[in-house]
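Next comes query27.cif, a file with mmCIF, C-alpha atoms.
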```cif
data_upload
loop_
_atom_site.group_PDB
_atom_site.id
_atom_site.type_symbol
_atom_site.label_atom_id
_atom_site.label_comp_id
_atom_site.auth_asym_id
_atom_site.auth_seq_id
_atom_site.Cartn_x
_atom_site.Cartn_y
_atom_site.Cartn_z
ATOM 1 C CA MET J 11 -42.920 13.139 32.396
ATOM 2 C CA THR J 12 -44.657 10.045 31.066
ATOM 3 C CA VAL J 13 -43.195 6.691 32.072
ATOM 4 C CA HIS J 14 -43.716 3.990 29.460
ATOM 5 C CA GLU J 15 -43.977 0.324 30.323
ATOM 6 C CA PHE J 16 -42.042 -0.694 27.228
ATOM 7 C CA HIS J 17 -39.121 0.561 25.162
ATOM 8 C CA ASP J 18 -38.609 -2.129 22.507
ATOM 9 C CA GLU J 19 -40.522 -4.919 20.771
ATOM 10 C CA PHE J 20 -39.740 -7.502 23.457
ATOM 11 C CA THR J 21 -40.974 -5.350 26.343
ATOM 12 C CA LEU J 22 -44.009 -4.304 24.284
ATOM 13 C CA ALA J 23 -44.902 -7.995 23.836
ATOM 14 C CA GLU J 24 -44.380 -8.598 27.570
ATOM 15 C CA THR J 25 -46.694 -5.673 28.341
ATOM 16 C CA ALA J 26 -49.300 -7.050 25.920
ATOM 17 C CA ASP J 27 -49.083 -10.402 27.751
ATOM 18 C CA LYS J 28 -49.701 -8.655 31.095
ATOM 19 C CA LEU J 29 -52.664 -6.716 29.712
ATOM 20 C CA GLY J 30 -54.096 -9.915 28.224
ATOM 21 C CA LYS J 31 -53.856 -11.635 31.601
ATOM 22 C CA LYS J 32 -55.515 -8.635 33.251
ATOM 23 C CA ALA J 33 -58.345 -8.736 30.666
ATOM 24 C CA LEU J 34 -58.805 -12.439 31.481
ATOM 25 C CA LYS J 35 -58.902 -11.720 35.190
ATOM 26 C CA LEU J 36 -61.537 -9.022 34.638
ATOM 27 C CA ASN J 37 -63.585 -11.463 32.481
ATOM 28 C CA LEU J 38 -63.378 -9.159 29.462
ATOM 29 C CA ILE J 39 -62.212 -12.032 27.266
ATOM 30 C CA HIS J 40 -62.582 -15.796 27.692
ATOM 31 C CA SER J 41 -59.095 -16.731 26.513
ATOM 32 C CA PHE J 42 -56.181 -15.760 24.344
ATOM 33 C CA VAL J 43 -53.320 -17.681 22.790
ATOM 34 C CA VAL J 44 -49.802 -16.460 22.171
ATOM 35 C CA ARG J 45 -47.675 -18.121 19.504
ATOM 36 C CA TYR J 46 -43.983 -17.522 20.067
ATOM 37 C CA PHE J 47 -41.581 -17.212 17.171
ATOM 38 C CA ALA J 48 -37.871 -16.410 17.215
ATOM 39 C CA ASP J 49 -38.392 -12.742 16.418
ATOM 40 C CA THR J 50 -42.022 -11.976 17.301
ATOM 41 C CA ARG J 51 -45.274 -13.194 18.828
ATOM 42 C CA GLN J 52 -48.775 -13.628 17.450
ATOM 43 C CA TYR J 53 -51.880 -13.211 19.574
ATOM 44 C CA TYR J 54 -55.140 -15.048 18.937
ATOM 45 C CA ILE J 55 -58.364 -14.133 20.703
ATOM 46 C CA PRO J 56 -60.907 -16.886 20.022
ATOM 47 C CA ASN J 57 -64.374 -15.743 18.887
ATOM 48 C CA GLU J 58 -63.276 -12.096 18.701
ATOM 49 C CA GLU J 59 -60.503 -11.768 16.138
ATOM 50 C CA SER J 60 -60.156 -14.187 13.263
ATOM 51 C CA GLN J 61 -56.691 -12.975 12.268
ATOM 52 C CA PRO J 62 -53.611 -13.127 14.501
ATOM 53 C CA LEU J 63 -52.657 -9.853 16.128
ATOM 54 C CA THR J 64 -49.159 -8.399 16.278
ATOM 55 C CA PRO J 65 -47.833 -7.391 19.701
ATOM 56 C CA GLU J 66 -48.700 -3.768 18.866
ATOM 57 C CA GLN J 67 -52.266 -4.653 17.879
ATOM 58 C CA ALA J 68 -52.730 -6.890 20.919
ATOM 59 C CA TYR J 69 -51.438 -4.163 23.242
ATOM 60 C CA MET J 70 -53.883 -1.624 21.810
ATOM 61 C CA TYR J 71 -56.784 -4.115 21.827
ATOM 62 C CA PHE J 72 -56.260 -5.162 25.449
ATOM 63 C CA LYS J 73 -55.624 -1.587 26.583
ATOM 64 C CA LYS J 74 -58.857 -0.421 24.922
ATOM 65 C CA LEU J 75 -60.833 -3.274 26.524
ATOM 66 C CA ILE J 76 -59.500 -2.567 29.999
ATOM 67 C CA GLU J 77 -59.928 1.192 29.777
ATOM 68 C CA GLY J 78 -63.435 0.753 28.336
ATOM 69 C CA SER J 79 -64.442 -1.459 31.239
ATOM 70 C CA GLY J 80 -63.674 1.279 33.745
ATOM 71 C CA LYS J 81 -61.662 -1.118 35.925
#
```

What do you get writing this file as C-alpha cells?
Amino acid sequence: MTVHEFHDEFTLAETADKLGKKALKLNLIHSFVVRYFADTRQYYIPNEESQPLTPEQAYMYFKKLIEGSGK
C-alpha cells in the first residue's frame, strides 16, 4: 500500500515546502519564494520560472528535480 505524504491542499503545500528546502540543500536551485495567502500559496523560483507556481505545480517541479538528480 502506498503511503502519501499529503491528503489535502494544506499538507500538499507543506510537502512542496519540504521538497523545495531539500532542492536548496542539494544545490539544485539557488532560491525560492513562497507567498502566503489566506487560502493558498504561490511559489516563485527566480531565474527558472517566470510565472508563480501553484502548490501542485511546485510539488511536481521539486519532485522532478530531486528525482532527476539521483540524490

Nearest residue to Leu38 of chain J from the set J:Leu75, J:Asn57, J:Ala23, J:Gly80 (distances using only C-alpha atoms)
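Smallest distance to Leu38 of chain J is found for J:Leu75.
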
Closest pair table for segment 48-80 of chain J residues within 10 Å of segment 30-37 of chain J, all atoms listed in the file, as CSV:
```
residue,atom,partner,partner_atom,distance
J:Tyr53,CA,J:Gly30,CA,9.5
J:Ile55,CA,J:Gly30,CA,9.6
J:Ala68,CA,J:Gly30,CA,8.0
J:Tyr69,CA,J:Gly30,CA,8.1
J:Tyr71,CA,J:Gly30,CA,9.0
J:Phe72,CA,J:Gly30,CA,5.9
J:Lys73,CA,J:Gly30,CA,8.6
J:Leu75,CA,J:Ala33,CA,7.3
J:Ile76,CA,J:Ala33,CA,6.3
J:Ser79,CA,J:Leu36,CA,8.8
```

Export C-alpha atoms of the chosen residues as a PDB file, in the frame of the given file?
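part16.pdb, freshly written:
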```pdb
ATOM      1  CA  TYR J  53     -51.880 -13.211  19.574  1.00  0.00           C
ATOM      2  CA  ILE J  55     -58.364 -14.133  20.703  1.00  0.00           C
ATOM      3  CA  ALA J  68     -52.730  -6.890  20.919  1.00  0.00           C
ATOM      4  CA  TYR J  69     -51.438  -4.163  23.242  1.00  0.00           C
ATOM      5  CA  TYR J  71     -56.784  -4.115  21.827  1.00  0.00           C
ATOM      6  CA  PHE J  72     -56.260  -5.162  25.449  1.00  0.00           C
ATOM      7  CA  LYS J  73     -55.624  -1.587  26.583  1.00  0.00           C
ATOM      8  CA  LEU J  75     -60.833  -3.274  26.524  1.00  0.00           C
ATOM      9  CA  ILE J  76     -59.500  -2.567  29.999  1.00  0.00           C
ATOM     10  CA  SER J  79     -64.442  -1.459  31.239  1.00  0.00           C
TER      11      SER J  79
END
```

Answer as a ChimeraX atom specification, residues within 12 Å of (-42.1, -15.2, 19.1) using only C-alpha atoms
/J:19-20,23-24,44-53,64-65

Just checking: using only C-alpha atoms, which residue out of J:Glu15, J:His40, J:Ser60, J:Gly78 ends up closest to Lys28 of chain J?
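Of J:Glu15, J:His40, J:Ser60, J:Gly78, the one nearest Lys28 of chain J, counting only C-alpha atoms, is J:Glu15.
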
Axis-aligned box for segment 61-76 of chain J, 3 Å per side, centre and edges in Å as lines of an AutoDock Vina configuration file:
```
center_x = -54.3
center_y = -6.8
center_z = 21.1
size_x = 19.0
size_y = 18.7
size_z = 23.7
```

Quick one, how far is atom CA of Val43 of chain J from atom CA of Leu29 of chain J?
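Atom CA of Val43 of chain J sits 13.0 Å away from atom CA of Leu29 of chain J.
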
Distance criterion (only C-alpha atoms): nearest to Pro62 of chain J out of J:Phe16, J:Phe42, J:Thr25, J:Glu77
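Selected residue with least distance to Pro62 of chain J: J:Phe42.
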